[in-house]
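What follows is target_3.txt (compact mmCIF, N, CA and C atoms and all ligand atoms).
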# COMPACT_ATOMS: atom_id res chain seq x y z
N MET A 969 298.31 15.30 73.83
CA MET A 969 298.16 16.27 74.92
C MET A 969 297.45 17.52 74.41
N LYS A 970 296.41 17.93 75.15
CA LYS A 970 295.68 19.14 74.76
C LYS A 970 296.09 20.28 75.69
N SER A 971 296.17 21.47 75.15
CA SER A 971 296.49 22.60 76.02
C SER A 971 295.56 23.78 75.74
N PHE A 972 295.40 24.59 76.77
CA PHE A 972 294.50 25.74 76.68
C PHE A 972 295.04 26.89 77.51
N LYS A 973 294.93 28.08 76.96
CA LYS A 973 295.29 29.29 77.71
C LYS A 973 294.05 30.17 77.78
N CYS A 974 293.78 30.66 78.98
CA CYS A 974 292.63 31.54 79.18
C CYS A 974 292.67 32.70 78.17
N ARG A 975 293.85 33.23 77.97
CA ARG A 975 294.03 34.39 77.09
C ARG A 975 293.56 34.09 75.67
N ASP A 976 293.73 32.82 75.22
CA ASP A 976 293.31 32.43 73.88
C ASP A 976 291.80 32.48 73.70
N ALA A 977 291.08 32.46 74.81
CA ALA A 977 289.62 32.56 74.74
C ALA A 977 289.17 34.01 74.93
N GLY A 978 290.15 34.92 74.90
CA GLY A 978 289.82 36.34 75.00
C GLY A 978 289.67 36.83 76.42
N VAL A 979 290.17 36.03 77.40
CA VAL A 979 290.08 36.43 78.80
C VAL A 979 291.44 36.98 79.23
N ASN A 980 291.42 38.10 79.94
CA ASN A 980 292.66 38.71 80.42
C ASN A 980 293.16 37.98 81.66
N CYS A 981 293.84 36.84 81.43
CA CYS A 981 294.22 35.94 82.51
C CYS A 981 295.38 35.08 82.02
N ASP A 982 296.36 34.84 82.87
CA ASP A 982 297.55 34.08 82.47
C ASP A 982 297.45 32.59 82.72
N TRP A 983 296.28 32.14 83.19
CA TRP A 983 296.11 30.72 83.52
C TRP A 983 296.18 29.86 82.27
N GLN A 984 296.78 28.70 82.40
CA GLN A 984 296.78 27.73 81.30
C GLN A 984 296.75 26.32 81.88
N ALA A 985 296.30 25.38 81.05
CA ALA A 985 296.17 24.01 81.53
C ALA A 985 296.45 23.04 80.40
N ARG A 986 296.81 21.81 80.83
CA ARG A 986 297.03 20.73 79.87
C ARG A 986 296.33 19.49 80.37
N ALA A 987 295.88 18.66 79.44
CA ALA A 987 295.28 17.39 79.82
C ALA A 987 295.39 16.44 78.64
N GLU A 988 295.16 15.16 78.92
CA GLU A 988 295.27 14.14 77.87
C GLU A 988 294.17 14.29 76.83
N THR A 989 292.96 14.62 77.29
CA THR A 989 291.83 14.72 76.37
C THR A 989 291.12 16.06 76.53
N THR A 990 290.36 16.40 75.49
CA THR A 990 289.58 17.64 75.52
C THR A 990 288.59 17.63 76.68
N GLU A 991 287.98 16.45 76.93
CA GLU A 991 287.00 16.33 78.01
C GLU A 991 287.63 16.65 79.36
N GLN A 992 288.81 16.07 79.62
CA GLN A 992 289.52 16.33 80.88
C GLN A 992 289.89 17.81 81.01
N LEU A 993 290.30 18.38 79.89
CA LEU A 993 290.71 19.77 79.89
C LEU A 993 289.50 20.67 80.17
N MET A 994 288.37 20.36 79.55
CA MET A 994 287.15 21.15 79.76
C MET A 994 286.75 21.14 81.24
N THR A 995 286.91 19.99 81.90
CA THR A 995 286.59 19.89 83.32
C THR A 995 287.46 20.85 84.13
N ARG A 996 288.73 20.88 83.82
CA ARG A 996 289.65 21.79 84.52
C ARG A 996 289.29 23.25 84.24
N ILE A 997 288.95 23.52 82.99
CA ILE A 997 288.61 24.88 82.59
C ILE A 997 287.35 25.34 83.33
N GLU A 998 286.37 24.43 83.43
CA GLU A 998 285.14 24.77 84.14
C GLU A 998 285.43 25.08 85.61
N GLU A 999 286.29 24.28 86.24
CA GLU A 999 286.67 24.53 87.63
C GLU A 999 287.36 25.88 87.78
N HIS A 1000 288.27 26.16 86.85
CA HIS A 1000 288.99 27.43 86.88
C HIS A 1000 288.01 28.60 86.68
N GLY A 1001 287.07 28.42 85.77
CA GLY A 1001 286.07 29.45 85.51
C GLY A 1001 285.27 29.78 86.76
N LYS A 1002 284.91 28.74 87.50
CA LYS A 1002 284.14 28.93 88.73
C LYS A 1002 284.96 29.69 89.76
N LYS A 1003 286.21 29.22 89.98
CA LYS A 1003 287.04 29.79 91.05
C LYS A 1003 287.57 31.17 90.69
N ALA A 1004 288.13 31.29 89.49
CA ALA A 1004 288.85 32.51 89.15
C ALA A 1004 287.97 33.56 88.50
N HIS A 1005 286.93 33.12 87.80
CA HIS A 1005 286.13 34.09 87.04
C HIS A 1005 284.69 34.15 87.51
N LYS A 1006 284.42 33.46 88.60
CA LYS A 1006 283.09 33.48 89.21
C LYS A 1006 281.98 33.13 88.22
N MET A 1007 282.26 32.15 87.36
CA MET A 1007 281.26 31.68 86.40
C MET A 1007 280.73 30.34 86.89
N ALA A 1008 279.52 30.35 87.39
CA ALA A 1008 278.91 29.10 87.88
C ALA A 1008 278.72 28.15 86.70
N VAL A 1009 278.31 28.72 85.57
CA VAL A 1009 278.13 27.95 84.34
C VAL A 1009 278.79 28.72 83.21
N LEU A 1010 279.54 28.02 82.38
CA LEU A 1010 280.15 28.70 81.25
C LEU A 1010 279.11 28.90 80.15
N PRO A 1011 278.94 30.13 79.70
CA PRO A 1011 277.98 30.38 78.62
C PRO A 1011 278.39 29.61 77.35
N LYS A 1012 277.39 29.23 76.55
CA LYS A 1012 277.68 28.43 75.35
C LYS A 1012 278.68 29.14 74.43
N GLU A 1013 278.51 30.46 74.30
CA GLU A 1013 279.41 31.25 73.46
C GLU A 1013 280.86 31.07 73.89
N LEU A 1014 281.07 31.12 75.22
CA LEU A 1014 282.41 31.00 75.76
C LEU A 1014 282.94 29.57 75.57
N ARG A 1015 282.05 28.59 75.75
CA ARG A 1015 282.46 27.18 75.55
C ARG A 1015 282.95 26.98 74.11
N ASP A 1016 282.25 27.61 73.15
CA ASP A 1016 282.66 27.50 71.75
C ASP A 1016 284.04 28.12 71.54
N LYS A 1017 284.25 29.30 72.18
CA LYS A 1017 285.55 29.97 72.09
C LYS A 1017 286.64 29.08 72.66
N ILE A 1018 286.33 28.48 73.81
CA ILE A 1018 287.29 27.60 74.49
C ILE A 1018 287.64 26.42 73.60
N GLN A 1019 286.59 25.79 73.04
CA GLN A 1019 286.81 24.61 72.18
C GLN A 1019 287.76 24.95 71.03
N SER A 1020 287.58 26.14 70.44
CA SER A 1020 288.43 26.49 69.30
C SER A 1020 289.82 26.95 69.75
N ALA A 1021 289.95 27.30 71.04
CA ALA A 1021 291.25 27.74 71.55
C ALA A 1021 292.10 26.57 72.04
N ILE A 1022 291.46 25.41 72.23
CA ILE A 1022 292.20 24.23 72.67
C ILE A 1022 293.02 23.70 71.50
N HIS A 1023 294.30 23.44 71.75
CA HIS A 1023 295.10 22.87 70.67
C HIS A 1023 296.02 21.76 71.16
N GLU A 1024 296.50 21.01 70.21
CA GLU A 1024 297.37 19.87 70.49
C GLU A 1024 298.77 20.36 70.85
N THR A 1025 299.32 19.84 71.92
CA THR A 1025 300.69 20.17 72.31
C THR A 1025 301.55 18.94 72.13
N SER A 1026 302.65 19.10 71.44
CA SER A 1026 303.55 17.96 71.26
C SER A 1026 304.65 18.00 72.30
N LEU A 1027 305.15 16.84 72.67
CA LEU A 1027 306.22 16.77 73.66
C LEU A 1027 307.53 17.29 73.07
N THR A 1028 307.64 17.20 71.74
CA THR A 1028 308.83 17.70 71.05
C THR A 1028 309.05 19.18 71.35
N GLU A 1029 307.93 19.89 71.40
CA GLU A 1029 307.98 21.33 71.67
C GLU A 1029 308.63 21.58 73.03
N ASP A 1030 308.21 20.78 74.04
CA ASP A 1030 308.74 20.94 75.39
C ASP A 1030 310.23 20.60 75.43
N LYS A 1031 310.63 19.56 74.69
CA LYS A 1031 312.04 19.15 74.67
C LYS A 1031 312.91 20.25 74.10
N SER A 1032 312.47 20.83 72.98
CA SER A 1032 313.28 21.87 72.33
C SER A 1032 313.45 23.06 73.26
N LYS A 1033 312.39 23.34 74.05
CA LYS A 1033 312.47 24.45 75.02
C LYS A 1033 313.50 24.12 76.10
N ALA A 1034 313.49 22.84 76.53
CA ALA A 1034 314.39 22.42 77.60
C ALA A 1034 315.84 22.53 77.14
N ILE A 1035 316.10 22.15 75.88
CA ILE A 1035 317.47 22.22 75.35
C ILE A 1035 317.92 23.69 75.22
N ALA A 1036 317.02 24.50 74.69
CA ALA A 1036 317.34 25.91 74.52
C ALA A 1036 317.36 26.60 75.89
ZN ZN B 1 291.39 32.46 83.70

Would it be possible to restate this file's structure as structure tokens?
Amino acid sequence: MKSFKCRDAGVNCDWQARAETTEQLMTRIEEHGKKAHKMAVLPKELRDKIQSAIHETSLTEDKSKAIA
């Protein structure tokens, strides 16, 4: 599972998303960029930032949160 937070890409926004693959996640991020940030096309610089901000989320993490 891949996860991304807008804030991790340096954007002042609380939006976050998860997807099975980086490709699926990028599609969601592009849609969010269009709707929320009025970016018709994501600049290459921002795409690079996004790519490095995407990280692997384990289900174990979610379980421990649920227990706590
Ligand atoms: Zn955002």

Exercise. In the coordinates of the file, take the point (294.0, 18.9, 78.0) and a cut-off of 10 Å; then, counting only C-alpha atoms, name each qualifying protein, DNA or RNA residue as a list in words.
Key: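 Here the neighbourhood of the point contains Met969, Lys970, Ser971, Phe972, Gln984, Ala985, Arg986, Ala987, Glu988, Thr989, Thr990, Glu991, Gln992, Leu993, Met994, Thr995, Arg996, Ile997, Ile1022, His1023, Glu1024 and Thr1025 of chain A.
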
Self-check item: Non-local contacts of segment 1006-1021 of chain A (6 Å; all atoms listed in the file; under 2 positions in same chain excluded) as a PyMOL selection string
Solution: chain A and resi 971-973+976-977+1001-1004+1023

Quiz item: How would you write, as a PyMOL selection string, the set of residues no farther than 6.5 Å from ligand ZN 1 (chain B) when counting all atoms listed in the file?
Solution: chain A and resi 974-975+979-983+1000-1001+1004-1005

Self-check item: In chain A, DSSP strand (DSSP E or B) residues written as a PyMOL selection string
Solution: chain A and resi 970-973+984-987+1023-1024
